[in-house]
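Data from work_37.txt: compact mmCIF, C-alpha atoms
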# COMPACT_ATOMS: atom_id res chain seq x y z
CA MET P 1 19.49 -7.80 11.61
CA ASP P 2 21.93 -10.63 10.77
CA SER P 3 21.99 -11.94 7.19
CA GLU P 4 20.71 -15.42 8.15
CA ARG P 5 17.65 -14.01 9.91
CA HIS P 6 17.03 -11.58 7.05
CA GLY P 7 17.19 -14.49 4.62
CA ARG P 8 14.51 -16.30 6.63
CA LEU P 9 12.42 -13.12 6.78
CA ASP P 10 12.72 -12.62 3.00
CA ALA P 11 11.58 -16.20 2.40
CA LEU P 12 8.58 -15.70 4.69
CA LEU P 13 7.58 -12.39 3.11
CA SER P 14 8.07 -13.59 -0.47
CA ASP P 15 5.34 -16.18 0.15
CA PRO P 16 3.65 -15.60 3.51
CA TYR P 17 0.55 -17.70 2.80
CA PRO P 18 1.86 -21.06 4.11
CA HIS P 19 2.84 -19.28 7.34
CA TYR P 20 -0.66 -17.84 7.68
CA GLU P 21 -2.18 -21.29 7.20
CA ARG P 22 0.03 -22.77 9.92
CA ALA P 23 -0.85 -19.88 12.24
CA ARG P 24 -4.59 -20.39 11.64
CA HIS P 25 -4.20 -24.07 12.62
CA THR P 26 -2.19 -23.25 15.75
CA GLU P 27 -4.11 -23.21 19.01
CA GLY P 28 -4.17 -19.61 20.18
CA LEU P 29 -1.66 -17.27 18.52
CA ALA P 30 1.65 -18.31 16.93
CA HIS P 31 4.78 -16.30 17.74
CA VAL P 32 6.96 -15.85 14.63
CA ALA P 33 10.61 -15.13 15.43
CA GLU P 34 11.38 -13.62 12.00
CA LEU P 35 8.64 -11.02 12.52
CA ASP P 36 9.38 -10.64 16.24
CA ALA P 37 5.61 -10.63 16.69
CA TRP P 38 2.55 -12.71 17.44
CA LEU P 39 0.91 -13.50 14.09
CA VAL P 40 -2.83 -12.80 13.92
CA ALA P 41 -4.02 -14.63 10.79
CA ARG P 42 -7.65 -15.69 11.39
CA ASP P 43 -10.39 -13.46 10.02
CA ALA P 44 -12.27 -13.26 13.34
CA ASP P 45 -9.11 -12.43 15.32
CA VAL P 46 -7.97 -9.77 12.83
CA ARG P 47 -11.39 -8.13 13.02
CA GLU P 48 -11.26 -8.19 16.82
CA VAL P 49 -7.89 -6.39 16.89
CA LEU P 50 -9.05 -3.79 14.37
CA ARG P 51 -12.20 -3.10 16.40
CA ARG P 52 -10.17 -2.51 19.60
CA PRO P 53 -7.71 0.32 18.80
CA GLU P 54 -7.69 1.35 22.46
CA ASP P 55 -6.14 -2.06 23.35
CA PHE P 56 -4.03 -2.51 20.19
CA SER P 57 -2.18 0.73 19.44
CA SER P 58 -0.89 1.66 15.97
CA ALA P 59 2.21 3.38 17.37
CA ASN P 60 4.51 0.68 15.89
CA ALA P 61 2.68 0.25 12.56
CA LEU P 62 5.66 1.43 10.50
CA LEU P 63 8.43 -0.08 12.61
CA PRO P 64 11.30 -0.63 10.16
CA ASP P 65 12.63 -4.10 9.38
CA VAL P 66 16.07 -2.51 9.00
CA LEU P 67 17.42 0.34 11.12
CA PRO P 68 19.23 2.82 8.82
CA SER P 69 22.95 3.32 9.45
CA PRO P 70 24.19 6.35 11.44
CA ALA P 71 25.35 7.96 8.18
CA ALA P 72 21.87 7.56 6.63
CA LEU P 73 20.21 8.81 9.81
CA ALA P 74 22.46 11.89 9.72
CA VAL P 75 21.23 12.63 6.18
CA LEU P 76 17.60 12.15 7.25
CA GLY P 77 18.21 14.64 10.05
CA GLY P 78 18.45 17.34 7.39
CA GLY P 79 14.93 16.63 6.15
CA PHE P 80 11.42 17.04 7.47
CA GLY P 81 8.96 14.72 9.15
CA GLY P 82 9.52 12.36 12.04
CA ARG P 83 6.07 13.14 13.42
CA PRO P 84 3.08 10.84 14.01
CA VAL P 85 1.02 10.18 10.87
CA VAL P 86 -2.40 8.64 10.31
CA VAL P 87 -1.24 5.00 10.33
CA THR P 88 0.93 5.41 13.47
CA SER P 89 -1.43 7.45 15.65
CA ASP P 90 -4.36 6.68 17.92
CA GLY P 91 -7.35 8.43 19.46
CA ASP P 92 -7.78 12.18 19.05
CA THR P 93 -4.49 12.65 17.16
CA HIS P 94 -5.54 9.99 14.66
CA GLN P 95 -8.94 11.62 14.17
CA ARG P 96 -7.39 15.07 13.68
CA LEU P 97 -4.96 13.77 11.05
CA ARG P 98 -7.46 11.49 9.31
CA ALA P 99 -10.41 13.90 8.98
CA PRO P 100 -9.01 16.10 6.14
CA ILE P 101 -7.87 13.01 4.22
CA VAL P 102 -11.34 11.47 4.43
CA ARG P 103 -12.78 14.73 3.10
CA GLY P 104 -10.11 14.95 0.41
CA LEU P 105 -10.80 11.40 -0.80
CA SER P 106 -14.60 11.64 -0.59
CA PRO P 107 -16.74 9.95 -3.27
CA ALA P 108 -17.27 13.36 -4.91
CA ARG P 109 -13.53 14.10 -5.03
CA VAL P 110 -12.81 10.63 -6.43
CA ALA P 111 -15.53 11.05 -9.07
CA ALA P 112 -14.07 14.43 -10.04
CA VAL P 113 -10.59 12.99 -10.69
CA LEU P 114 -11.78 9.95 -12.67
CA PRO P 115 -11.81 11.64 -16.11
CA TYR P 116 -8.16 12.62 -15.57
CA ALA P 117 -7.33 9.09 -14.35
CA ALA P 118 -9.01 7.56 -17.42
CA GLU P 119 -7.14 9.95 -19.73
CA ARG P 120 -3.79 9.11 -18.12
CA ALA P 121 -4.48 5.34 -18.12
CA ALA P 122 -5.22 5.46 -21.85
CA ALA P 123 -2.16 7.61 -22.55
CA LEU P 124 0.15 5.25 -20.67
CA VAL P 125 -1.18 2.25 -22.62
CA ASP P 126 -0.76 4.30 -25.83
CA GLY P 127 2.93 4.47 -24.95
CA PHE P 128 3.49 0.72 -25.35
CA VAL P 129 0.46 -0.76 -27.16
CA ARG P 130 2.33 -1.04 -30.49
CA ASP P 131 5.51 -2.52 -29.02
CA GLY P 132 4.34 -6.10 -28.57
CA ARG P 133 5.89 -6.28 -25.12
CA VAL P 134 6.11 -4.20 -21.93
CA GLU P 135 7.45 -4.30 -18.39
CA LEU P 136 4.17 -3.23 -16.80
CA MET P 137 5.45 -2.12 -13.38
CA SER P 138 7.77 0.60 -14.73
CA ALA P 139 5.73 1.56 -17.81
CA TYR P 140 2.32 1.76 -16.13
CA ALA P 141 1.77 0.53 -12.56
CA ARG P 142 4.35 2.86 -11.00
CA LYS P 143 3.11 5.84 -13.00
CA LEU P 144 -0.71 6.03 -12.95
CA PRO P 145 -1.27 6.00 -9.14
CA GLY P 146 1.34 8.71 -8.52
CA GLU P 147 -0.15 10.94 -11.20
CA VAL P 148 -3.68 10.49 -9.82
CA ILE P 149 -2.91 11.10 -6.13
CA GLY P 150 -0.61 13.94 -7.22
CA ARG P 151 -3.55 15.54 -9.01
CA ILE P 152 -5.76 15.31 -5.91
CA VAL P 153 -3.06 16.66 -3.61
CA GLY P 154 -2.28 19.48 -6.04
CA LEU P 155 1.24 18.59 -7.20
CA ASP P 156 2.63 19.97 -10.44
CA PRO P 157 2.83 16.94 -12.81
CA ALA P 158 6.53 17.74 -13.27
CA ASP P 159 7.09 17.07 -9.54
CA VAL P 160 5.26 13.72 -9.42
CA PRO P 161 8.19 11.51 -10.57
CA ALA P 162 10.44 12.86 -7.79
CA VAL P 163 7.73 12.24 -5.19
CA VAL P 164 7.06 8.71 -6.47
CA HIS P 165 10.80 7.97 -6.52
CA GLY P 166 11.20 9.37 -3.00
CA GLY P 167 8.37 7.15 -1.78
CA HIS P 168 9.98 4.03 -3.21
CA ARG P 169 13.32 5.03 -1.67
CA ALA P 170 11.73 5.59 1.75
CA GLU P 171 10.28 2.08 1.60
CA GLU P 172 13.64 0.61 0.54
CA LEU P 173 15.44 2.40 3.32
CA LEU P 174 13.14 0.99 6.01
CA PHE P 175 12.42 -2.47 4.68
CA ARG P 176 15.46 -3.56 2.60
CA PRO P 177 19.00 -4.31 3.79
CA LEU P 178 21.10 -1.89 1.71
CA GLU P 179 24.85 -1.26 1.77
CA GLU P 180 25.70 1.93 3.67
CA ARG P 181 26.51 3.91 0.52
CA GLU P 182 23.15 2.94 -0.97
CA GLN P 183 21.40 3.79 2.31
CA VAL P 184 22.91 7.28 2.19
CA ALA P 185 21.84 7.70 -1.44
CA ALA P 186 18.30 6.56 -0.57
CA ALA P 187 18.19 8.95 2.38
CA GLU P 188 19.26 11.81 0.11
CA ASP P 189 16.39 11.01 -2.27
CA VAL P 190 13.93 10.94 0.64
CA VAL P 191 15.17 14.27 1.97
CA ALA P 192 14.94 15.82 -1.52
CA MET P 193 11.28 14.72 -1.64
CA GLN P 194 10.66 16.16 1.83
CA HIS P 195 12.08 19.54 0.86
CA LEU P 196 9.88 19.50 -2.24
CA LEU P 197 6.81 18.81 -0.09
CA ASP P 198 7.85 21.53 2.36
CA ARG P 199 7.85 23.97 -0.55
CA TYR P 200 4.25 22.99 -1.30
CA VAL P 201 3.29 23.44 2.36
CA ARG P 202 4.75 26.96 2.43
CA GLU P 203 3.24 27.91 -0.94
CA ARG P 204 -0.26 26.66 -0.04
CA HIS P 205 -0.12 28.44 3.31
CA GLU P 206 0.76 31.65 1.48
CA LYS P 207 -1.61 31.17 -1.47
CA PRO P 208 -4.38 28.60 -0.85
CA ARG P 209 -5.84 26.64 -3.76
CA GLU P 210 -8.65 24.16 -4.29
CA ASP P 211 -6.62 21.04 -3.53
CA LEU P 212 -5.99 18.54 -0.76
CA CYS P 213 -2.60 20.03 0.13
CA THR P 214 -4.30 23.35 0.96
CA GLU P 215 -6.95 21.52 2.99
CA LEU P 216 -4.30 19.70 5.03
CA VAL P 217 -2.37 22.90 5.67
CA ALA P 218 -5.54 24.72 6.76
CA SER P 219 -6.70 21.90 9.02
CA LEU P 220 -3.40 21.39 10.86
CA THR P 221 -2.25 25.00 11.35
CA GLU P 222 -3.56 28.13 13.01
CA PRO P 223 -4.71 30.99 10.74
CA GLY P 224 -1.76 33.12 9.74
CA GLU P 225 0.78 30.87 11.47
CA LEU P 226 3.11 28.27 9.98
CA THR P 227 5.76 27.22 12.47
CA LEU P 228 8.70 24.89 11.84
CA ASP P 229 6.87 22.26 13.87
CA HIS P 230 3.81 22.67 11.62
CA ARG P 231 6.03 22.15 8.59
CA HIS P 232 7.53 18.95 10.02
CA GLU P 233 4.07 17.57 10.82
CA LEU P 234 2.64 18.52 7.43
CA VAL P 235 5.54 17.05 5.45
CA ALA P 236 5.29 13.80 7.45
CA HIS P 237 1.54 13.77 6.81
CA LEU P 238 1.87 14.50 3.08
CA GLN P 239 4.66 11.96 2.64
CA ASN P 240 2.56 9.26 4.31
CA LEU P 241 -0.54 10.16 2.27
CA LEU P 242 1.35 10.19 -1.03
CA ILE P 243 3.18 6.92 -0.34
CA ALA P 244 -0.07 5.23 0.72
CA GLY P 245 -1.79 6.76 -2.31
CA HIS P 246 0.60 5.42 -4.91
CA LEU P 247 2.63 2.45 -3.62
CA THR P 248 -0.40 0.45 -2.51
CA THR P 249 -2.26 0.96 -5.79
CA THR P 250 0.91 0.21 -7.78
CA ALA P 251 1.16 -3.10 -5.93
CA LEU P 252 -2.53 -3.88 -6.46
CA ILE P 253 -2.31 -3.25 -10.21
CA GLY P 254 0.74 -5.51 -10.52
CA THR P 255 -0.64 -8.44 -8.53
CA THR P 256 -4.08 -8.23 -10.19
CA VAL P 257 -2.70 -8.42 -13.73
CA LEU P 258 -0.26 -11.16 -12.68
CA HIS P 259 -2.95 -13.44 -11.25
CA LEU P 260 -5.42 -12.85 -14.07
CA LEU P 261 -2.77 -13.86 -16.61
CA ARG P 262 -1.67 -16.86 -14.52
CA HIS P 263 -5.30 -17.99 -14.60
CA ARG P 264 -5.88 -17.76 -18.34
CA ASP P 265 -9.54 -18.79 -18.17
CA GLN P 266 -10.22 -15.91 -15.79
CA TRP P 267 -8.51 -13.40 -18.08
CA GLU P 268 -10.44 -14.62 -21.11
CA LEU P 269 -13.72 -14.51 -19.18
CA LEU P 270 -12.99 -10.92 -18.19
CA CYS P 271 -12.22 -9.95 -21.80
CA ALA P 272 -15.48 -11.56 -22.95
CA GLU P 273 -17.56 -10.16 -20.08
CA PRO P 274 -16.07 -6.82 -18.96
CA GLU P 275 -19.05 -6.26 -16.66
CA ARG P 276 -17.20 -8.66 -14.31
CA ILE P 277 -14.36 -6.14 -13.78
CA PRO P 278 -15.65 -4.83 -10.40
CA ALA P 279 -15.86 -8.42 -9.09
CA ALA P 280 -12.36 -9.11 -10.43
CA VAL P 281 -11.07 -6.07 -8.53
CA GLU P 282 -12.48 -7.41 -5.26
CA GLU P 283 -11.21 -10.95 -5.83
CA ALA P 284 -7.72 -9.74 -6.71
CA ALA P 285 -7.59 -7.54 -3.60
CA ARG P 286 -8.69 -10.49 -1.45
CA TYR P 287 -6.53 -13.16 -3.09
CA ASP P 288 -3.14 -11.41 -2.87
CA THR P 289 -3.56 -8.42 -0.61
CA ALA P 290 -1.31 -5.46 -1.43
CA LEU P 291 -1.00 -4.44 2.21
CA GLN P 292 -0.42 -7.80 3.86
CA GLY P 293 -0.44 -6.57 7.42
CA PHE P 294 0.44 -3.96 10.02
CA ARG P 295 1.97 -4.27 13.45
CA ARG P 296 0.06 -3.28 16.57
CA VAL P 297 1.26 -3.06 20.18
CA THR P 298 -0.86 -3.92 23.21
CA THR P 299 -1.58 -1.03 25.58
CA ARG P 300 -2.49 -3.33 28.50
CA PRO P 301 -2.60 -7.07 29.23
CA VAL P 302 -5.14 -8.68 26.89
CA ILE P 303 -6.34 -12.13 25.86
CA LEU P 304 -6.62 -12.76 22.12
CA ALA P 305 -7.63 -16.13 20.68
CA GLY P 306 -7.01 -17.62 24.13
CA THR P 307 -3.42 -16.33 24.25
CA GLU P 308 -2.48 -14.04 27.13
CA LEU P 309 -0.47 -11.05 25.93
CA PRO P 310 1.25 -8.60 28.28
CA ALA P 311 1.21 -4.84 27.77
CA GLY P 312 3.77 -3.89 25.13
CA ALA P 313 3.42 -7.12 23.12
CA THR P 314 3.75 -6.81 19.33
CA VAL P 315 1.16 -8.46 17.11
CA LEU P 316 1.21 -8.54 13.33
CA VAL P 317 -2.34 -8.17 12.03
CA ALA P 318 -2.30 -10.13 8.78
CA PHE P 319 -5.00 -8.87 6.43
CA GLY P 320 -3.57 -11.30 3.87
CA GLY P 321 -4.05 -14.17 6.30
CA ALA P 322 -7.65 -13.20 7.10
CA ASN P 323 -8.41 -12.99 3.38
CA ARG P 324 -7.41 -16.66 2.94
CA ASP P 325 -9.36 -17.89 6.00
CA PRO P 326 -11.68 -20.74 4.92
CA ASP P 327 -14.10 -19.85 7.72
CA ARG P 328 -14.83 -16.60 5.87
CA HIS P 329 -13.97 -17.42 2.24
CA PRO P 330 -14.78 -20.91 0.85
CA ARG P 331 -11.93 -22.32 -1.30
CA PRO P 332 -9.74 -19.42 -0.13
CA ASP P 333 -6.67 -20.39 -2.18
CA ALA P 334 -8.62 -20.41 -5.46
CA PHE P 335 -8.49 -17.26 -7.58
CA ASP P 336 -12.06 -16.96 -8.86
CA ILE P 337 -13.57 -13.74 -10.22
CA THR P 338 -17.01 -15.39 -10.28
CA ARG P 339 -16.90 -15.81 -6.49
CA PRO P 340 -19.98 -14.31 -4.75
CA PRO P 341 -18.96 -11.01 -3.10
CA GLY P 342 -17.65 -11.44 0.44
CA ARG P 343 -16.39 -9.02 3.07
CA HIS P 344 -12.61 -9.14 2.72
CA LEU P 345 -10.12 -7.06 4.71
CA ALA P 346 -7.82 -5.87 1.92
CA PHE P 347 -8.54 -2.25 2.86
CA GLY P 348 -8.70 -2.77 6.62
CA LEU P 349 -11.62 -2.18 8.95
CA GLY P 350 -12.72 0.32 11.55
CA ALA P 351 -10.86 3.43 12.67
CA HIS P 352 -7.85 2.73 10.43
CA SER P 353 -9.69 1.49 7.34
CA CYS P 354 -8.15 2.84 4.14
CA PRO P 355 -9.71 6.20 3.20
CA GLY P 356 -8.36 5.80 -0.34
CA SER P 357 -9.96 2.41 -1.01
CA GLN P 358 -12.44 3.77 -3.55
CA LEU P 359 -9.71 5.63 -5.42
CA ALA P 360 -7.60 2.45 -5.59
CA ARG P 361 -10.56 0.39 -6.81
CA GLU P 362 -11.38 2.91 -9.53
CA GLN P 363 -7.81 2.98 -10.84
CA LEU P 364 -7.72 -0.80 -10.97
CA ARG P 365 -11.09 -0.82 -12.75
CA LEU P 366 -9.83 1.66 -15.34
CA THR P 367 -6.66 -0.39 -15.81
CA LEU P 368 -8.57 -3.61 -16.46
CA GLN P 369 -10.94 -1.83 -18.84
CA GLU P 370 -7.98 -0.54 -20.87
CA LEU P 371 -6.03 -3.79 -20.95
CA THR P 372 -8.92 -6.17 -21.65
CA ALA P 373 -10.34 -3.95 -24.40
CA ARG P 374 -7.06 -3.08 -26.11
CA LEU P 375 -4.79 -6.06 -25.40
CA PRO P 376 -6.95 -9.18 -25.02
CA GLY P 377 -3.98 -11.29 -26.17
CA LEU P 378 -1.89 -10.13 -23.20
CA ARG P 379 0.19 -12.89 -21.59
CA LEU P 380 3.16 -13.36 -19.27
CA ALA P 381 6.44 -13.25 -21.20
CA GLU P 382 8.22 -16.62 -21.42
CA GLY P 383 11.61 -16.87 -19.75
CA GLU P 384 10.84 -13.96 -17.39
CA PRO P 385 10.08 -15.50 -13.98
CA VAL P 386 8.09 -13.28 -11.65
CA ALA P 387 9.55 -12.59 -8.20
CA MET P 388 7.49 -10.91 -5.50
CA ARG P 389 9.02 -8.11 -3.47
CA PRO P 390 9.59 -9.40 0.08
CA THR P 391 7.58 -6.90 2.10
CA MET P 392 4.42 -6.90 4.18
CA ILE P 393 3.63 -3.30 3.29
CA HIS P 394 3.28 -3.26 -0.52
CA ARG P 395 3.30 -6.81 -1.90
CA ALA P 396 3.97 -6.61 -5.66
CA PRO P 397 6.04 -8.13 -8.45
CA TYR P 398 9.48 -6.57 -8.86
CA ARG P 399 8.91 -6.65 -12.60
CA LEU P 400 6.07 -7.90 -14.78
CA HIS P 401 7.16 -8.64 -18.36
CA LEU P 402 4.19 -9.07 -20.71
CA THR P 403 3.78 -9.82 -24.42
CA TRP P 404 0.87 -9.96 -26.87
Whole structure, structure tokens version:
Amino acid sequence: MDSERHGRLDALLSDPYPHYERARHTEGLAHVAELDAWLVARDADVREVLRRPEDFSSANALLPDVLPSPAALAVLGGGFGGRPVVVTSDGDTHQRLRAPIVRGLSPARVAAVLPYAAERAAALVDGFVRDGRVELMSAYARKLPGEVIGRIVGLDPADVPAVVHGGHRAEELLFRPLEEREQVAAAEDVVAMQHLLDRYVRERHEKPREDLCTELVASLTEPGELTLDHRHELVAHLQNLLIAGHLTTTALIGTTVLHLLRHRDQWELLCAEPERIPAAVEEAARYDTALQGFRRVTTRPVILAGTELPAGATVLVAFGGANRDPDRHPRPDAFDITRPPGRHLAFGLGAHSCPGSQLAREQLRLTLQELTARLPGLRLAEGEPVAMRPTMIHRAPYRLHLTW
């Protein structure tokens, strides 16, 4: 991608909401050159696409914005993965891959991990509560979700930082224009994470435990058999699960705290009335959606919003656009935690709805309980402008400097 086009794409992704508004006012669908896709930004149209997975395939859901260099691809060739995962598969394959994750993130499993999540949330706040200032993304938001999903999967806590780092590097490699040397370094970090996950696959196949990693291995292999192909599929699956399990929640924590502090009256209301925290979680997820959208590709000629699309057409299904649609959400651009509950699309809908949505909500709830109770004077640090990471996949502040 040339630098001029990438500059335009960065500008769009840093603040996509004006583009969604224009697309909602366009007759039919708007084609956006920077995304190389038809933009689906109305609530009703997004729901229609999500309810028709047979017509709108997920095969291109993780299409990279930036193709890694040959040198980086050569490094990645020494790793594991490269197989379909839950978010890029359809039909029977999707069901086979999704089923153990749904079981592993069941309400009972989420409830069982909550005491650990609460303990870790409190401990992380303990680490900075006396300092008077903190950069929340690095000190908290990038740590808690990795530790919690790591616990469910069955990772040794000592291995969690490498997995979290590898997840961030995988995202950078696919969605950021890096110099070749940096691409190679990122690829090496990703491959190191993949070899770590492969070790877990082999260990759990040999000695099963009561964890989600064991359940995935058991569900996707034959008894007594673990082939190289199994290992590739399982590492791809685990990598996707872990990245989805921590990067999305990291983003959601960052944007939620940012918008509460930008709207001081809302923050003070939440501190005074903590029973509003669940409503604040839903409003934050709607207002600035962590996962802004996914690509889909048409499997046959279809008509959507009056626009005729041929087979093989790319659409970008903008959850963030649907969540600001005035036909579904009155005063959609207002951040209001007293808003009556509405059915937003922050966690998707239908076959590909997020199986970890309850886990994400609970971690955000715990976070707001900790911060409102212990640091009611929390505010954005002066002289530290907040820049949003230009990505559709995990919209979040780069850094979030806070004082109290």
Select from range 343-390 of chain P every residue with an atom at most 12 Å from any atom of range 134-145 of chain P, then for each give the shortest pair of atoms and their distance in Å to one decimal, using all atoms listed in the file, rows by chain and rising number, as a tab-separated table.
residue	atom	partner	partner_atom	distance
P:Gly356	CA	P:Pro145	CA	11.3
P:Leu359	CA	P:Pro145	CA	9.2
P:Ala360	CA	P:Pro145	CA	8.1
P:Arg361	CA	P:Pro145	CA	11.1
P:Glu362	CA	P:Pro145	CA	10.6
P:Gln363	CA	P:Pro145	CA	7.4
P:Leu364	CA	P:Pro145	CA	9.5
P:Leu366	CA	P:Leu144	CA	10.4
P:Thr367	CA	P:Ala141	CA	9.1
P:Leu368	CA	P:Ala141	CA	11.8
P:Glu370	CA	P:Tyr140	CA	11.6
P:Leu371	CA	P:Leu136	CA	11.0
P:Leu375	CA	P:Val134	CA	11.6
P:Leu378	CA	P:Val134	CA	10.0
P:Arg379	CA	P:Val134	CA	10.5
P:Leu380	CA	P:Val134	CA	10.0
P:Ala381	CA	P:Val134	CA	9.1
P:Glu384	CA	P:Glu135	CA	10.3
P:Val386	CA	P:Glu135	CA	11.2
P:Met388	CA	P:Met137	CA	12.0
For Pro390 in chain P, work out the shell of residues within 9 Å, counting only C-alpha atoms and skipping chain neighbours fewer than 4 positions away, then give it as number ranges by chain. P: 9-15, 175-176, 394-396
Surrounding residues of Leu67 in chain P excluding itself and chain neighbours under 2 positions, 12 Å, only C-alpha atoms, as a PyMOL selection string: chain P and resi 1-2+62-65+69-73+172-178+180+183
Proximity check range 38-155 of chain P to range 197-200 of chain P, 9 Å, nearest pairs one decimal Å, only C-alpha atoms, as a Markdown table:
| residue | atom | partner | partner_atom | distance |
| --- | --- | --- | --- | --- |
| P:Phe80 | CA | P:Asp198 | CA | 7.7 |
| P:Gly154 | CA | P:Tyr200 | CA | 8.8 |
| P:Leu155 | CA | P:Tyr200 | CA | 8.0 |
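The list of residues with at least one atom within 12 Å of Leu269 in chain P, based on all atoms listed in the file and without residues fewer than 5 positions apart in the same chain, reads P:Leu260, P:Leu261, P:His263, P:Arg264, P:Pro274, P:Glu275, P:Arg276, P:Ile277, P:Ala279, P:Ala280, P:Asp336, P:Ile337, P:Thr338, P:Thr372, P:Pro376.
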Around (-1.8, -4.6, 5.7), as given in the file, which residues come within 9 Å? Count only C-alpha atoms and list them as a PyMOL selection string. chain P and resi 289-295+317-320+345-348+392-394
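CA of His165 in chain P is positioned 10.2 Å from CA of Ala192 in chain P.
Residues with any atom within 10 Å of range 101-110 of chain P, counting all atoms listed in the file and excluding same-chain neighbours fewer than 6 positions away, are Val86, Ala117, Val148, Ile149, Ile152, Val153, Asp211, Leu212, Cys213, Glu215, Leu216, His237, Leu238, Leu241, Cys354, Pro355, Gly356, Ser357, Gln358, Leu359, Ala360 and Glu362 of chain P.
Minimum atom-to-atom distances from P:Met193, P:Ala23, P:Val49, P:Leu35 to Leu304 in chain P were compared using all atoms listed in the file, and the lowest value belongs to P:Val49.
Distance check against Glu48 in chain P using all atoms listed in the file: of P:Ala74, P:Leu226, P:Leu400, P:Ala322, the minimum falls on P:Ala322.
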For range 335-348 of chain P, which lacks atoms in the input, supply N, CA, C and O atoms and format the output as an mmCIF file, in the coordinates of the input.
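Contents of result_2.cif, as written:
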data_model
loop_
_atom_site.group_PDB
_atom_site.id
_atom_site.type_symbol
_atom_site.label_atom_id
_atom_site.label_comp_id
_atom_site.auth_asym_id
_atom_site.auth_seq_id
_atom_site.Cartn_x
_atom_site.Cartn_y
_atom_site.Cartn_z
ATOM 1 N N PHE P 335 -8.260 -18.588 -7.013
ATOM 2 C CA PHE P 335 -8.490 -17.260 -7.580
ATOM 3 C C PHE P 335 -9.689 -17.373 -8.505
ATOM 4 O O PHE P 335 -9.624 -18.050 -9.543
ATOM 5 N N ASP P 336 -10.803 -16.738 -8.150
ATOM 6 C CA ASP P 336 -12.060 -16.960 -8.860
ATOM 7 C C ASP P 336 -12.864 -15.673 -8.919
ATOM 8 O O ASP P 336 -13.479 -15.269 -7.929
ATOM 9 N N ILE P 337 -12.866 -15.026 -10.098
ATOM 10 C CA ILE P 337 -13.570 -13.740 -10.220
ATOM 11 C C ILE P 337 -15.086 -13.907 -10.263
ATOM 12 O O ILE P 337 -15.813 -12.914 -10.204
ATOM 13 N N THR P 338 -15.561 -15.175 -10.338
ATOM 14 C CA THR P 338 -17.010 -15.390 -10.280
ATOM 15 C C THR P 338 -17.488 -15.653 -8.850
ATOM 16 O O THR P 338 -18.673 -15.902 -8.623
ATOM 17 N N ARG P 339 -16.574 -15.580 -7.907
ATOM 18 C CA ARG P 339 -16.900 -15.810 -6.490
ATOM 19 C C ARG P 339 -17.975 -14.811 -6.029
ATOM 20 O O ARG P 339 -17.882 -13.618 -6.331
ATOM 21 N N PRO P 340 -19.003 -15.270 -5.292
ATOM 22 C CA PRO P 340 -19.980 -14.310 -4.750
ATOM 23 C C PRO P 340 -19.259 -13.289 -3.863
ATOM 24 O O PRO P 340 -18.293 -13.641 -3.168
ATOM 25 N N PRO P 341 -19.676 -12.032 -3.886
ATOM 26 C CA PRO P 341 -18.960 -11.010 -3.100
ATOM 27 C C PRO P 341 -18.962 -11.347 -1.613
ATOM 28 O O PRO P 341 -19.976 -11.775 -1.058
ATOM 29 N N GLY P 342 -17.802 -11.203 -1.003
ATOM 30 C CA GLY P 342 -17.650 -11.440 0.440
ATOM 31 C C GLY P 342 -16.955 -10.253 1.065
ATOM 32 O O GLY P 342 -16.392 -9.407 0.375
ATOM 33 N N ARG P 343 -16.977 -10.177 2.375
ATOM 34 C CA ARG P 343 -16.390 -9.020 3.070
ATOM 35 C C ARG P 343 -14.937 -9.320 3.396
ATOM 36 O O ARG P 343 -14.623 -9.902 4.423
ATOM 37 N N HIS P 344 -14.048 -8.933 2.485
ATOM 38 C CA HIS P 344 -12.610 -9.140 2.720
ATOM 39 C C HIS P 344 -12.048 -7.950 3.502
ATOM 40 O O HIS P 344 -12.733 -6.955 3.765
ATOM 41 N N LEU P 345 -10.776 -8.083 3.883
ATOM 42 C CA LEU P 345 -10.120 -7.060 4.710
ATOM 43 C C LEU P 345 -8.938 -6.412 3.995
ATOM 44 O O LEU P 345 -8.027 -5.898 4.642
ATOM 45 N N ALA P 346 -8.947 -6.421 2.660
ATOM 46 C CA ALA P 346 -7.820 -5.870 1.920
ATOM 47 C C ALA P 346 -7.602 -4.386 2.214
ATOM 48 O O ALA P 346 -6.478 -3.888 2.114
ATOM 49 N N PHE P 347 -8.666 -3.673 2.574
ATOM 50 C CA PHE P 347 -8.540 -2.250 2.860
ATOM 51 C C PHE P 347 -8.765 -1.949 4.339
ATOM 52 O O PHE P 347 -9.076 -0.822 4.719
ATOM 53 N N GLY P 348 -8.585 -2.984 5.182
ATOM 54 C CA GLY P 348 -8.700 -2.770 6.620
ATOM 55 C C GLY P 348 -10.142 -2.722 7.085
ATOM 56 O O GLY P 348 -11.075 -3.116 6.381
#
